[in-house]
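*Asks:* Okay, so here is protein31.tsv, and as you'll see once you scroll down, it has TSV, C-alpha atoms.
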```tsv
chain	number	residue	atom	x	y	z
A	1	MET	CA	22.24	21.42	-20.31
A	2	THR	CA	22.69	17.81	-19.37
A	3	GLN	CA	20.04	16.14	-17.30
A	4	HIS	CA	21.42	14.49	-14.22
A	5	ILE	CA	20.92	10.74	-14.47
A	6	SER	CA	20.54	8.86	-11.23
A	7	THR	CA	22.03	5.42	-11.46
A	8	ARG	CA	21.93	4.40	-7.84
A	9	LEU	CA	18.97	3.08	-5.90
A	10	ASP	CA	18.95	2.31	-2.21
A	11	PHE	CA	16.83	-0.66	-1.18
A	12	TRP	CA	15.88	-0.34	2.48
A	13	PHE	CA	14.45	-3.48	3.99
A	14	ASP	CA	13.73	-5.39	7.16
A	15	PHE	CA	14.04	-9.18	6.88
A	16	ALA	CA	10.82	-9.62	8.89
A	17	SER	CA	8.78	-7.82	6.24
A	18	THR	CA	6.51	-9.97	4.08
A	19	TYR	CA	6.21	-7.60	1.14
A	20	SER	CA	9.98	-7.22	1.03
A	21	TYR	CA	10.28	-10.87	-0.02
A	22	PRO	CA	8.82	-10.54	-3.55
A	23	ALA	CA	10.69	-7.26	-3.92
A	24	ALA	CA	14.06	-8.72	-2.89
A	25	MET	CA	13.69	-11.75	-5.12
A	26	ARG	CA	13.41	-9.75	-8.34
A	27	LEU	CA	15.23	-6.49	-7.61
A	28	ASP	CA	18.73	-7.50	-8.63
A	29	THR	CA	17.59	-8.62	-12.10
A	30	LEU	CA	15.45	-5.53	-12.61
A	31	ALA	CA	18.29	-3.24	-11.52
A	32	ARG	CA	20.78	-4.89	-13.86
A	33	GLU	CA	18.38	-4.47	-16.78
A	34	ARG	CA	18.38	-0.74	-16.07
A	35	GLN	CA	22.10	-0.49	-15.24
A	36	ILE	CA	21.26	0.67	-11.76
A	37	ASP	CA	23.69	0.31	-8.91
A	38	LEU	CA	21.51	-1.28	-6.23
A	39	ARG	CA	22.56	-0.73	-2.63
A	40	TYR	CA	21.19	-3.12	-0.02
A	41	ARG	CA	20.46	-1.27	3.19
A	42	PRO	CA	19.07	-3.46	5.97
A	43	PHE	CA	17.48	-1.71	8.91
A	44	LEU	CA	15.15	-2.54	11.76
A	45	LEU	CA	11.51	-1.54	11.64
A	46	GLY	CA	11.11	-2.24	15.36
A	47	PRO	CA	12.41	1.12	16.62
A	48	ILE	CA	10.45	2.97	13.93
A	49	PHE	CA	7.25	1.07	14.71
A	50	ALA	CA	7.83	1.67	18.43
A	51	GLU	CA	7.79	5.41	17.75
A	52	ALA	CA	4.35	4.94	16.17
A	53	GLY	CA	3.26	3.13	19.33
A	54	TRP	CA	3.46	-0.36	17.85
A	55	ARG	CA	5.25	-3.07	19.84
A	56	ASN	CA	4.33	-5.70	17.26
A	57	SER	CA	3.77	-5.88	13.53
A	58	PRO	CA	0.80	-3.74	12.49
A	59	PHE	CA	-0.38	-6.88	10.67
A	60	ASN	CA	-0.78	-8.52	14.06
A	61	ILE	CA	-2.16	-5.42	15.76
A	62	TYR	CA	-4.82	-4.78	13.11
A	63	PRO	CA	-6.47	-8.13	12.29
A	64	ALA	CA	-8.32	-7.06	9.13
A	65	LYS	CA	-5.08	-5.63	7.69
A	66	GLY	CA	-3.24	-8.80	8.64
A	67	LYS	CA	-5.82	-11.13	7.15
A	68	TYR	CA	-5.72	-9.16	3.92
A	69	MET	CA	-1.93	-9.15	3.78
A	70	TRP	CA	-1.68	-12.95	4.09
A	71	ARG	CA	-4.09	-13.43	1.18
A	72	ASP	CA	-2.37	-10.68	-0.82
A	73	MET	CA	1.00	-12.38	-0.31
A	74	GLU	CA	-0.43	-15.65	-1.66
A	75	ARG	CA	-1.62	-13.86	-4.77
A	76	ILE	CA	1.64	-11.95	-5.26
A	77	CYS	CA	3.83	-15.03	-4.83
A	78	ALA	CA	1.62	-17.06	-7.17
A	79	ALA	CA	1.83	-14.33	-9.80
A	80	GLN	CA	5.60	-14.07	-9.37
A	81	GLY	CA	6.15	-17.84	-9.27
A	82	LEU	CA	7.59	-17.72	-5.77
A	83	ALA	CA	7.23	-20.41	-3.13
A	84	TRP	CA	5.22	-19.15	-0.18
A	85	GLN	CA	4.91	-20.17	3.44
A	86	ARG	CA	3.58	-18.14	6.28
A	87	PRO	CA	6.35	-17.82	8.90
A	88	ASP	CA	5.57	-19.00	12.39
A	89	PRO	CA	6.01	-17.01	14.52
A	90	PHE	CA	5.39	-13.82	12.61
A	91	PRO	CA	7.25	-11.55	12.58
A	92	GLN	CA	10.56	-13.39	12.68
A	93	ASN	CA	13.33	-11.68	14.62
A	94	SER	CA	15.43	-10.06	11.91
A	95	LEU	CA	18.26	-8.64	14.03
A	96	LEU	CA	20.93	-11.25	13.34
A	97	ALA	CA	20.20	-11.47	9.59
A	98	ALA	CA	20.47	-7.68	9.32
A	99	ARG	CA	23.80	-7.67	11.14
A	100	VAL	CA	25.12	-10.50	8.98
A	101	THR	CA	24.22	-8.52	5.87
A	102	LEU	CA	26.29	-5.60	7.10
A	103	ALA	CA	29.15	-7.95	7.96
A	104	LEU	CA	29.34	-9.11	4.34
A	105	GLU	CA	31.18	-7.42	1.48
A	106	GLU	CA	28.72	-5.43	-0.60
A	107	GLY	CA	29.11	-7.82	-3.52
A	108	ALA	CA	27.95	-10.79	-1.44
A	109	ARG	CA	24.89	-9.15	0.03
A	110	GLY	CA	22.39	-9.72	-2.78
A	111	ALA	CA	22.82	-13.50	-2.79
A	112	PHE	CA	22.61	-13.63	1.02
A	113	ILE	CA	19.48	-11.50	1.15
A	114	ARG	CA	17.65	-13.55	-1.47
A	115	ALA	CA	18.62	-16.77	0.29
A	116	VAL	CA	17.38	-15.49	3.66
A	117	TYR	CA	14.05	-14.28	2.24
A	118	ALA	CA	13.59	-17.56	0.35
A	119	ALA	CA	14.35	-19.57	3.51
A	120	GLU	CA	11.98	-17.48	5.60
A	121	PHE	CA	8.99	-17.09	3.29
A	122	GLY	CA	9.56	-19.87	0.78
A	123	GLU	CA	10.53	-22.64	3.22
A	124	GLY	CA	9.30	-21.36	6.57
A	125	LYS	CA	12.74	-21.56	8.21
A	126	PRO	CA	13.47	-19.67	11.45
A	127	ILE	CA	15.83	-16.97	10.25
A	128	ALA	CA	16.54	-15.75	13.77
A	129	GLU	CA	18.57	-18.92	14.31
A	130	ARG	CA	22.32	-18.72	13.92
A	131	GLN	CA	22.49	-22.18	12.34
A	132	VAL	CA	19.99	-21.29	9.60
A	133	LEU	CA	22.08	-18.25	8.68
A	134	ALA	CA	25.32	-20.25	8.92
A	135	ASP	CA	23.93	-22.77	6.42
A	136	ILE	CA	22.95	-19.97	4.07
A	137	LEU	CA	26.37	-18.35	4.35
A	138	LYS	CA	28.10	-21.62	3.53
A	139	HIS	CA	25.74	-22.19	0.62
A	140	ILE	CA	26.70	-18.85	-0.92
A	141	GLY	CA	30.40	-19.58	-0.45
A	142	GLN	CA	31.14	-17.57	2.66
A	143	HIS	CA	33.13	-18.55	5.73
A	144	ALA	CA	30.13	-18.75	8.02
A	145	ASN	CA	31.95	-18.55	11.34
A	146	ALA	CA	34.06	-15.59	10.34
A	147	VAL	CA	31.06	-13.67	9.03
A	148	LEU	CA	28.95	-14.46	12.09
A	149	GLU	CA	31.80	-13.31	14.30
A	150	ARG	CA	31.99	-9.99	12.42
A	151	ALA	CA	28.21	-9.73	12.67
A	152	ALA	CA	28.52	-9.79	16.46
A	153	SER	CA	31.20	-7.10	16.53
A	154	GLU	CA	30.63	-3.63	17.93
A	155	PRO	CA	31.20	-1.82	14.61
A	156	VAL	CA	28.53	-3.90	12.88
A	157	LYS	CA	26.08	-3.47	15.76
A	158	ALA	CA	26.70	0.27	15.70
A	159	LYS	CA	26.30	0.36	11.93
A	160	LEU	CA	22.88	-1.28	12.07
A	161	LYS	CA	21.80	1.23	14.70
A	162	SER	CA	23.01	4.18	12.65
A	163	GLU	CA	21.40	2.76	9.50
A	164	THR	CA	18.08	2.43	11.32
A	165	GLU	CA	18.48	6.01	12.52
A	166	GLU	CA	19.25	7.08	8.97
A	167	ALA	CA	16.14	5.28	7.70
A	168	ARG	CA	14.02	7.20	10.19
A	169	ARG	CA	15.73	10.46	9.24
A	170	LEU	CA	14.95	9.78	5.58
A	171	GLY	CA	11.25	9.42	6.38
A	172	ILE	CA	11.11	5.65	6.01
A	173	PHE	CA	8.20	4.08	7.87
A	174	GLY	CA	7.89	0.65	6.26
A	175	SER	CA	9.66	-2.04	4.27
A	176	PRO	CA	10.51	-2.34	1.49
A	177	SER	CA	11.43	1.27	0.75
A	178	PHE	CA	13.44	2.65	-2.12
A	179	ILE	CA	15.30	5.95	-2.27
A	180	THR	CA	16.73	7.40	-5.45
A	181	GLU	CA	19.87	9.51	-5.65
A	182	ASP	CA	17.72	12.61	-6.04
A	183	GLY	CA	15.90	11.79	-2.83
A	184	GLU	CA	12.61	10.29	-4.00
A	185	LEU	CA	11.15	7.83	-1.51
A	186	PHE	CA	9.04	4.96	-2.76
A	187	TRP	CA	7.34	2.61	-0.34
A	188	GLY	CA	6.25	-0.93	-0.96
A	189	ASN	CA	6.73	-3.82	-3.32
A	190	ASP	CA	4.07	-2.16	-5.47
A	191	ARG	CA	6.46	0.74	-6.10
A	192	ALA	CA	9.55	-1.30	-7.01
A	193	ILE	CA	9.31	-0.80	-10.76
A	194	GLU	CA	8.42	2.88	-10.42
A	195	ALA	CA	11.43	3.41	-8.14
A	196	LEU	CA	13.77	1.58	-10.51
A	197	ASP	CA	12.48	3.52	-13.51
A	198	TRP	CA	12.80	6.82	-11.65
A	199	ALA	CA	16.36	5.93	-10.66
A	200	ALA	CA	17.23	4.92	-14.23
A	201	SER	CA	15.85	8.06	-15.85
A	202	GLY	CA	16.42	10.61	-13.11
A	203	GLY	CA	12.74	11.41	-12.86
A	204	PRO	CA	9.16	10.21	-13.41
B	1	MET	CA	-17.46	-27.55	-17.59
B	2	THR	CA	-17.98	-23.85	-17.91
B	3	GLN	CA	-15.83	-21.57	-15.81
B	4	HIS	CA	-17.85	-19.12	-13.80
B	5	ILE	CA	-17.13	-15.63	-15.02
B	6	SER	CA	-17.48	-12.81	-12.52
B	7	THR	CA	-18.72	-9.71	-14.20
B	8	ARG	CA	-19.48	-7.59	-11.17
B	9	LEU	CA	-17.02	-5.60	-9.11
B	10	ASP	CA	-17.88	-3.69	-5.97
B	11	PHE	CA	-15.95	-0.47	-5.45
B	12	TRP	CA	-15.96	0.44	-1.77
B	13	PHE	CA	-14.84	3.97	-1.05
B	14	ASP	CA	-14.85	6.83	1.41
B	15	PHE	CA	-14.92	10.29	-0.14
B	16	ALA	CA	-12.28	11.50	2.34
B	17	SER	CA	-9.72	9.05	1.01
B	18	THR	CA	-6.91	10.47	-1.10
B	19	TYR	CA	-5.97	7.29	-2.94
B	20	SER	CA	-9.62	6.72	-3.86
B	21	TYR	CA	-9.50	9.83	-6.05
B	22	PRO	CA	-7.22	8.47	-8.82
B	23	ALA	CA	-9.08	5.15	-8.57
B	24	ALA	CA	-12.52	6.72	-8.92
B	25	MET	CA	-11.50	8.90	-11.85
B	26	ARG	CA	-10.51	5.98	-14.06
B	27	LEU	CA	-12.58	3.05	-12.82
B	28	ASP	CA	-15.66	3.54	-14.94
B	29	THR	CA	-13.66	3.53	-18.18
B	30	LEU	CA	-11.59	0.54	-17.12
B	31	ALA	CA	-14.69	-1.40	-16.09
B	32	ARG	CA	-16.46	-0.69	-19.39
B	33	GLU	CA	-13.42	-1.92	-21.32
B	34	ARG	CA	-13.77	-5.22	-19.48
B	35	GLN	CA	-17.57	-5.34	-19.58
B	36	ILE	CA	-17.68	-5.30	-15.80
B	37	ASP	CA	-20.72	-4.13	-13.92
B	38	LEU	CA	-19.21	-1.71	-11.43
B	39	ARG	CA	-21.14	-1.11	-8.22
B	40	TYR	CA	-20.37	2.05	-6.27
B	41	ARG	CA	-20.55	1.38	-2.55
B	42	PRO	CA	-19.80	4.39	-0.39
B	43	PHE	CA	-19.05	3.75	3.26
B	44	LEU	CA	-17.46	5.55	6.19
B	45	LEU	CA	-13.95	4.72	7.29
B	46	GLY	CA	-14.47	6.60	10.56
B	47	PRO	CA	-16.18	3.77	12.48
B	48	ILE	CA	-13.70	1.23	11.10
B	49	PHE	CA	-10.71	3.41	12.00
B	50	ALA	CA	-12.22	4.01	15.44
B	51	GLU	CA	-12.15	0.26	16.02
B	52	ALA	CA	-8.41	0.36	15.29
B	53	GLY	CA	-8.07	3.13	17.87
B	54	TRP	CA	-7.76	5.95	15.34
B	55	ARG	CA	-9.85	9.07	15.85
B	56	ASN	CA	-8.23	10.76	12.88
B	57	SER	CA	-6.76	9.76	9.53
B	58	PRO	CA	-3.71	7.52	10.00
B	59	PHE	CA	-1.99	9.95	7.62
B	60	ASN	CA	-2.38	12.62	10.30
B	61	ILE	CA	-1.58	10.30	13.20
B	62	TYR	CA	1.63	8.95	11.64
B	63	PRO	CA	3.56	11.92	10.21
B	64	ALA	CA	6.09	9.96	8.13
B	65	LYS	CA	3.27	8.01	6.49
B	66	GLY	CA	1.37	11.23	5.87
B	67	LYS	CA	4.33	13.08	4.39
B	68	TYR	CA	4.95	10.18	2.06
B	69	MET	CA	1.32	9.95	1.00
B	70	TRP	CA	1.16	13.63	0.00
B	71	ARG	CA	4.20	13.24	-2.21
B	72	ASP	CA	2.94	9.95	-3.59
B	73	MET	CA	-0.37	11.57	-4.52
B	74	GLU	CA	1.48	14.29	-6.44
B	75	ARG	CA	3.33	11.64	-8.41
B	76	ILE	CA	0.22	9.55	-9.07
B	77	CYS	CA	-1.88	12.51	-10.19
B	78	ALA	CA	0.92	13.78	-12.43
B	79	ALA	CA	1.25	10.34	-14.03
B	80	GLN	CA	-2.51	10.05	-14.50
B	81	GLY	CA	-2.91	13.64	-15.74
B	82	LEU	CA	-5.17	14.59	-12.85
B	83	ALA	CA	-5.37	18.00	-11.21
B	84	TRP	CA	-4.23	17.84	-7.62
B	85	GLN	CA	-4.77	19.98	-4.55
B	86	ARG	CA	-4.29	19.01	-0.98
B	87	PRO	CA	-7.61	19.44	0.82
B	88	ASP	CA	-7.68	21.74	3.82
B	89	PRO	CA	-8.71	20.52	6.29
B	90	PHE	CA	-7.78	16.92	5.74
B	91	PRO	CA	-9.66	14.68	5.99
B	92	GLN	CA	-12.82	16.29	4.66
B	93	ASN	CA	-16.05	15.18	6.29
B	94	SER	CA	-17.48	12.71	3.81
B	95	LEU	CA	-20.80	11.92	5.51
B	96	LEU	CA	-23.10	14.05	3.36
B	97	ALA	CA	-21.47	13.09	0.07
B	98	ALA	CA	-21.80	9.40	0.98
B	99	ARG	CA	-25.49	9.83	1.82
B	100	VAL	CA	-26.10	11.76	-1.39
B	101	THR	CA	-24.54	8.92	-3.38
B	102	LEU	CA	-26.97	6.46	-1.83
B	103	ALA	CA	-29.85	8.86	-2.52
B	104	LEU	CA	-29.09	8.77	-6.24
B	105	GLU	CA	-30.22	6.19	-8.75
B	106	GLU	CA	-27.41	3.74	-9.43
B	107	GLY	CA	-26.96	5.03	-12.96
B	108	ALA	CA	-26.23	8.55	-11.71
B	109	ARG	CA	-23.69	7.62	-9.08
B	110	GLY	CA	-20.57	7.36	-11.21
B	111	ALA	CA	-20.83	10.91	-12.54
B	112	PHE	CA	-21.57	12.27	-9.06
B	113	ILE	CA	-18.67	10.43	-7.48
B	114	ARG	CA	-16.16	11.60	-10.07
B	115	ALA	CA	-17.41	15.17	-9.74
B	116	VAL	CA	-17.09	15.09	-5.95
B	117	TYR	CA	-13.57	13.64	-6.03
B	118	ALA	CA	-12.53	16.15	-8.70
B	119	ALA	CA	-13.95	19.04	-6.64
B	120	GLU	CA	-12.26	17.82	-3.48
B	121	PHE	CA	-8.82	16.85	-4.72
B	122	GLY	CA	-8.62	18.66	-8.05
B	123	GLU	CA	-10.05	22.01	-6.95
B	124	GLY	CA	-9.74	21.93	-3.17
B	125	LYS	CA	-13.47	22.50	-2.59
B	126	PRO	CA	-15.08	21.72	0.79
B	127	ILE	CA	-17.19	18.68	-0.03
B	128	ALA	CA	-18.79	18.63	3.41
B	129	GLU	CA	-20.75	21.72	2.38
B	130	ARG	CA	-24.28	21.25	1.16
B	131	GLN	CA	-23.92	24.00	-1.44
B	132	VAL	CA	-20.87	22.39	-3.04
B	133	LEU	CA	-22.78	19.13	-3.42
B	134	ALA	CA	-25.88	20.95	-4.65
B	135	ASP	CA	-23.82	22.60	-7.39
B	136	ILE	CA	-22.39	19.24	-8.40
B	137	LEU	CA	-25.84	17.65	-8.47
B	138	LYS	CA	-27.18	20.41	-10.70
B	139	HIS	CA	-24.16	20.11	-12.94
B	140	ILE	CA	-24.84	16.42	-13.53
B	141	GLY	CA	-28.48	17.10	-14.26
B	142	GLN	CA	-30.06	16.16	-10.94
B	143	HIS	CA	-32.71	17.99	-8.96
B	144	ALA	CA	-30.39	19.05	-6.18
B	145	ASN	CA	-32.97	19.84	-3.54
B	146	ALA	CA	-34.89	16.63	-4.02
B	147	VAL	CA	-31.73	14.51	-3.86
B	148	LEU	CA	-30.42	16.34	-0.80
B	149	GLU	CA	-33.77	15.84	0.89
B	150	ARG	CA	-33.64	12.11	0.19
B	151	ALA	CA	-30.03	12.09	1.45
B	152	ALA	CA	-31.27	13.35	4.81
B	153	SER	CA	-34.01	10.72	5.07
B	154	GLU	CA	-33.92	7.91	7.63
B	155	PRO	CA	-33.74	5.10	5.04
B	156	VAL	CA	-30.63	6.64	3.45
B	157	LYS	CA	-29.00	7.26	6.82
B	158	ALA	CA	-29.74	3.67	7.82
B	159	LYS	CA	-28.43	2.38	4.51
B	160	LEU	CA	-25.07	4.13	4.96
B	161	LYS	CA	-24.79	2.65	8.44
B	162	SER	CA	-25.57	-0.84	7.20
B	163	GLU	CA	-23.18	-0.45	4.27
B	164	THR	CA	-20.41	0.59	6.66
B	165	GLU	CA	-21.24	-2.42	8.81
B	166	GLU	CA	-21.15	-4.62	5.70
B	167	ALA	CA	-17.74	-3.20	4.74
B	168	ARG	CA	-16.37	-4.11	8.15
B	169	ARG	CA	-17.94	-7.58	7.91
B	170	LEU	CA	-16.25	-8.08	4.54
B	171	GLY	CA	-12.85	-7.32	6.07
B	172	ILE	CA	-12.47	-3.87	4.55
B	173	PHE	CA	-10.05	-1.66	6.46
B	174	GLY	CA	-9.20	1.08	3.96
B	175	SER	CA	-10.31	2.90	0.85
B	176	PRO	CA	-10.44	2.24	-2.01
B	177	SER	CA	-11.29	-1.44	-1.74
B	178	PHE	CA	-12.58	-3.76	-4.42
B	179	ILE	CA	-14.48	-7.00	-3.96
B	180	THR	CA	-15.14	-9.44	-6.76
B	181	GLU	CA	-18.22	-11.63	-7.02
B	182	ASP	CA	-16.17	-14.62	-5.87
B	183	GLY	CA	-15.16	-12.72	-2.73
B	184	GLU	CA	-11.62	-11.55	-3.47
B	185	LEU	CA	-10.73	-8.36	-1.64
B	186	PHE	CA	-8.24	-5.95	-3.18
B	187	TRP	CA	-7.13	-2.88	-1.29
B	188	GLY	CA	-5.75	0.32	-2.71
B	189	ASN	CA	-5.55	2.26	-5.93
B	190	ASP	CA	-2.49	0.11	-6.69
B	191	ARG	CA	-4.76	-2.94	-6.93
B	192	ALA	CA	-7.45	-1.43	-9.19
B	193	ILE	CA	-6.30	-3.10	-12.39
B	194	GLU	CA	-5.68	-6.43	-10.68
B	195	ALA	CA	-9.17	-6.32	-9.17
B	196	LEU	CA	-10.77	-5.45	-12.51
B	197	ASP	CA	-8.86	-8.18	-14.30
B	198	TRP	CA	-9.79	-10.73	-11.64
B	199	ALA	CA	-13.44	-9.72	-11.90
B	200	ALA	CA	-13.35	-9.94	-15.70
B	201	SER	CA	-11.74	-13.38	-15.84
B	202	GLY	CA	-13.08	-14.94	-12.65
B	203	GLY	CA	-9.60	-15.45	-11.26
B	204	PRO	CA	-5.98	-14.33	-11.25
```
What is this file in structure tokens?
*Replies:*
Amino acid sequence: MTQHISTRLDFWFDFASTYSYPAAMRLDTLARERQIDLRYRPFLLGPIFAEAGWRNSPFNIYPAKGKYMWRDMERICAAQGLAWQRPDPFPQNSLLAARVTLALEEGARGAFIRAVYAAEFGEGKPIAERQVLADILKHIGQHANAVLERAASEPVKAKLKSETEEARRLGIFGSPSFITEDGELFWGNDRAIEALDWAASGGP
Amino acid sequence: MTQHISTRLDFWFDFASTYSYPAAMRLDTLARERQIDLRYRPFLLGPIFAEAGWRNSPFNIYPAKGKYMWRDMERICAAQGLAWQRPDPFPQNSLLAARVTLALEEGARGAFIRAVYAAEFGEGKPIAERQVLADILKHIGQHANAVLERAASEPVKAKLKSETEEARRLGIFGSPSFITEDGELFWGNDRAIEALDWAASGGP
């Protein structure tokens, strides 16, 4: 008998999510080390939070949780050697960045995602703004206007909706989330290594 | 200049909390290894959750979060070599167990706490029941009736209320939580080691 080895890991994320920043910045390297095929799957937490009755980030709705998260992010970024700035406003609108990700070839997504997270949480840039994303696209060697045009197309809009629906169907309720080929869901930056290791070995 | 070394760590917990079980079962050993004086501080999440608008465990209110937590607990307990049973009903009423903890001498609390968590989540026993706690008290060498009588006294009831109020004042919003002498709050079983290491070294 041969054990089935999972080599794919889906990384589900919303660009507005604080804890997704330290996850996104290290995931590609960690996946390569384990020969894992990482799939970037942007989605929107908004519709999923709305189902829970939240019209805002739970970190804004629940002040003690929010206060803790901001301090926790400082500690995490310091430990990981990442620049850190608290975005204002929080959460940033992540719709356009998510659509742009889906408008890119798969091979270009990792660099874009890291650049967006670094701009948002490392430099405090407003990632909802078209110009901020255009600058990032140019910086990673993309034709910004062409990509932004695709990002505004109906197929890309529909894809983001169906991906968000798929996230909900898979039981995702927060970002970042990881799903292995054998269907294990891991939630949170704290579970990144565990998810990668599970994916690499096909089990715990 | 001598760096101030924190050697105390406060472990804030509600007996109803699932993630507090794997934390409680290993904390004493981990604290001893680091020569940390661990203080067990039971409190009630109920009043704190009520302030957030929750009249039940968020794991019951938000089904996707709950489904994930039950699977996550299986994984954590398997990795830690802990027996695991899902309590029914969940959450268990933790009031009496919290009062009994406060009725015990500090030196006896660790053994009691581990025994209660093991009964609840390892064996599926109803920890709200006086007889279950009496059996545990006898097992750890306590005079069960005397302790249970103290647990029902006004000073102990008042102490649990003031401890819960203190938890809220300290910004605690979940269990387990850890607070170092220099005031760092760490939330969750996932932060146990980080909290212990911070306490042992007086910083990150």
*Asks:* Leaving out B:Thr18 and any residue of its chain fewer than 5 positions from it, which residues lie within 10 Å of it when counting all atoms listed in the file, given as a list in words?
*Replies:*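 In the requested form, the answer reads Ala23, Met69, Trp70, Met73, Arg86, Pro87, Phe90, Pro91, Tyr117, Glu120, Phe121, Ser175, Pro176 and Asn189 of chain B.
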*Asks:* Quick one: distance from atom CA of A:Lys138 to atom CA of A:Ala152 in Å, one decimal?
*Replies:*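 The value is 17.5 Å.
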*Asks:* Least-squares superposition of chain A on chain B, all Cα atoms, in-order pairing: what RMSD comes out, in Å?
*Replies:*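 RMSD over all C-alpha atoms: 0.0 Å.
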*Asks:* Provide the atom CA of B:Arg191 to atom CA of A:Asp72 distance in Å, to one decimal place.
*Replies:*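 Taking atom CA of B:Arg191 and atom CA of A:Asp72, their separation equals 10.1 Å.
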*Asks:* Please identify every residue of chain A that has at least one atom no more than 7 Å from any atom of chain B, counting all atoms listed in the file, and report them as a list in words.
*Replies:*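 Those within range of chain B come out as Ala52, Tyr62, Ala64, Lys65, Gly171, Ile172 and Phe173 of chain A.
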*Asks:* Please work out which residues fall within 8 Å of (26.8, -13.6, 4.8), coordinates as given in the file, with only C-alpha atoms counting, and return them as a ChimeraX atom specification.
*Replies:* /A:100-101,103-104,108-109,112,133-134,136-137,140,142,144,147-148
*Asks:* Kindly give the distance, in Å, that separates atom CA of A:Arg114 and atom CA of A:Pro126, rounded to a single decimal.
*Replies:*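 For atom CA of A:Arg114 relative to atom CA of A:Pro126, the distance reads 14.9 Å.
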*Asks:* When you look at stretch 5-17 of chain B with a cut-off of 6 Å (counting all atoms listed in the file), what residues show up, excluding the ones that are within fewer than 3 positions of it in the same chain? I need them as a count of residues only.
*Replies:* 24
*Asks:* Taking into account only C-alpha atoms, which residue in the set B:Leu27, B:Asn145, B:Arg150, B:Gly46 is nearest to B:Glu105?
*Replies:* B:Arg150
*Asks:* Please determine, counting all atoms listed in the file, which residue among B:Leu102, B:Ala115, B:Phe59, B:Phe49 has the shortest atom-to-atom distance to B:Met25.
*Replies:*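 Of B:Leu102, B:Ala115, B:Phe59, B:Phe49, the one nearest B:Met25, counting all atoms listed in the file, is B:Ala115.
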*Asks:* Which of these residues is nearest to A:Gly141, using all atoms listed in the file: A:Val116, A:Leu45, A:Ala111, A:Ala192?
*Replies:* A:Ala111
*Asks:* Counting all atoms listed in the file, note down every residue that has an atom within 12 Å of the point (14.2, -10.6, -10.0) (file coordinates), as a PDB file with C-alpha atoms, in the coordinates of the input.
*Replies:*
```
ATOM      1  CA  TYR A  21      10.280 -10.870  -0.020  1.00  0.00           C
ATOM      2  CA  PRO A  22       8.820 -10.540  -3.550  1.00  0.00           C
ATOM      3  CA  ALA A  23      10.690  -7.260  -3.920  1.00  0.00           C
ATOM      4  CA  ALA A  24      14.060  -8.720  -2.890  1.00  0.00           C
ATOM      5  CA  MET A  25      13.690 -11.750  -5.120  1.00  0.00           C
ATOM      6  CA  ARG A  26      13.410  -9.750  -8.340  1.00  0.00           C
ATOM      7  CA  LEU A  27      15.230  -6.490  -7.610  1.00  0.00           C
ATOM      8  CA  ASP A  28      18.730  -7.500  -8.630  1.00  0.00           C
ATOM      9  CA  THR A  29      17.590  -8.620 -12.100  1.00  0.00           C
ATOM     10  CA  LEU A  30      15.450  -5.530 -12.610  1.00  0.00           C
ATOM     11  CA  ALA A  31      18.290  -3.240 -11.520  1.00  0.00           C
ATOM     12  CA  ARG A  32      20.780  -4.890 -13.860  1.00  0.00           C
ATOM     13  CA  GLU A  33      18.380  -4.470 -16.780  1.00  0.00           C
ATOM     14  CA  GLN A  80       5.600 -14.070  -9.370  1.00  0.00           C
ATOM     15  CA  GLY A  81       6.150 -17.840  -9.270  1.00  0.00           C
ATOM     16  CA  LEU A  82       7.590 -17.720  -5.770  1.00  0.00           C
ATOM     17  CA  GLY A 110      22.390  -9.720  -2.780  1.00  0.00           C
ATOM     18  CA  ALA A 111      22.820 -13.500  -2.790  1.00  0.00           C
ATOM     19  CA  ARG A 114      17.650 -13.550  -1.470  1.00  0.00           C
ATOM     20  CA  ALA A 192       9.550  -1.300  -7.010  1.00  0.00           C
ATOM     21  CA  ILE A 193       9.310  -0.800 -10.760  1.00  0.00           C
TER      22      ILE A 193
END
```
*Asks:* Edge lengths and centre in Å to one decimal, as lines of an AutoDock Vina configuration file, is what I'm after for the box along x, y and z that holds all listed atoms of stretch 153-171 of chain B once 5 Å is added on each side.
*Replies:*
```
center_x = -23.4
center_y = 1.3
center_z = 6.1
size_x = 31.2
size_y = 28.8
size_z = 15.4
```
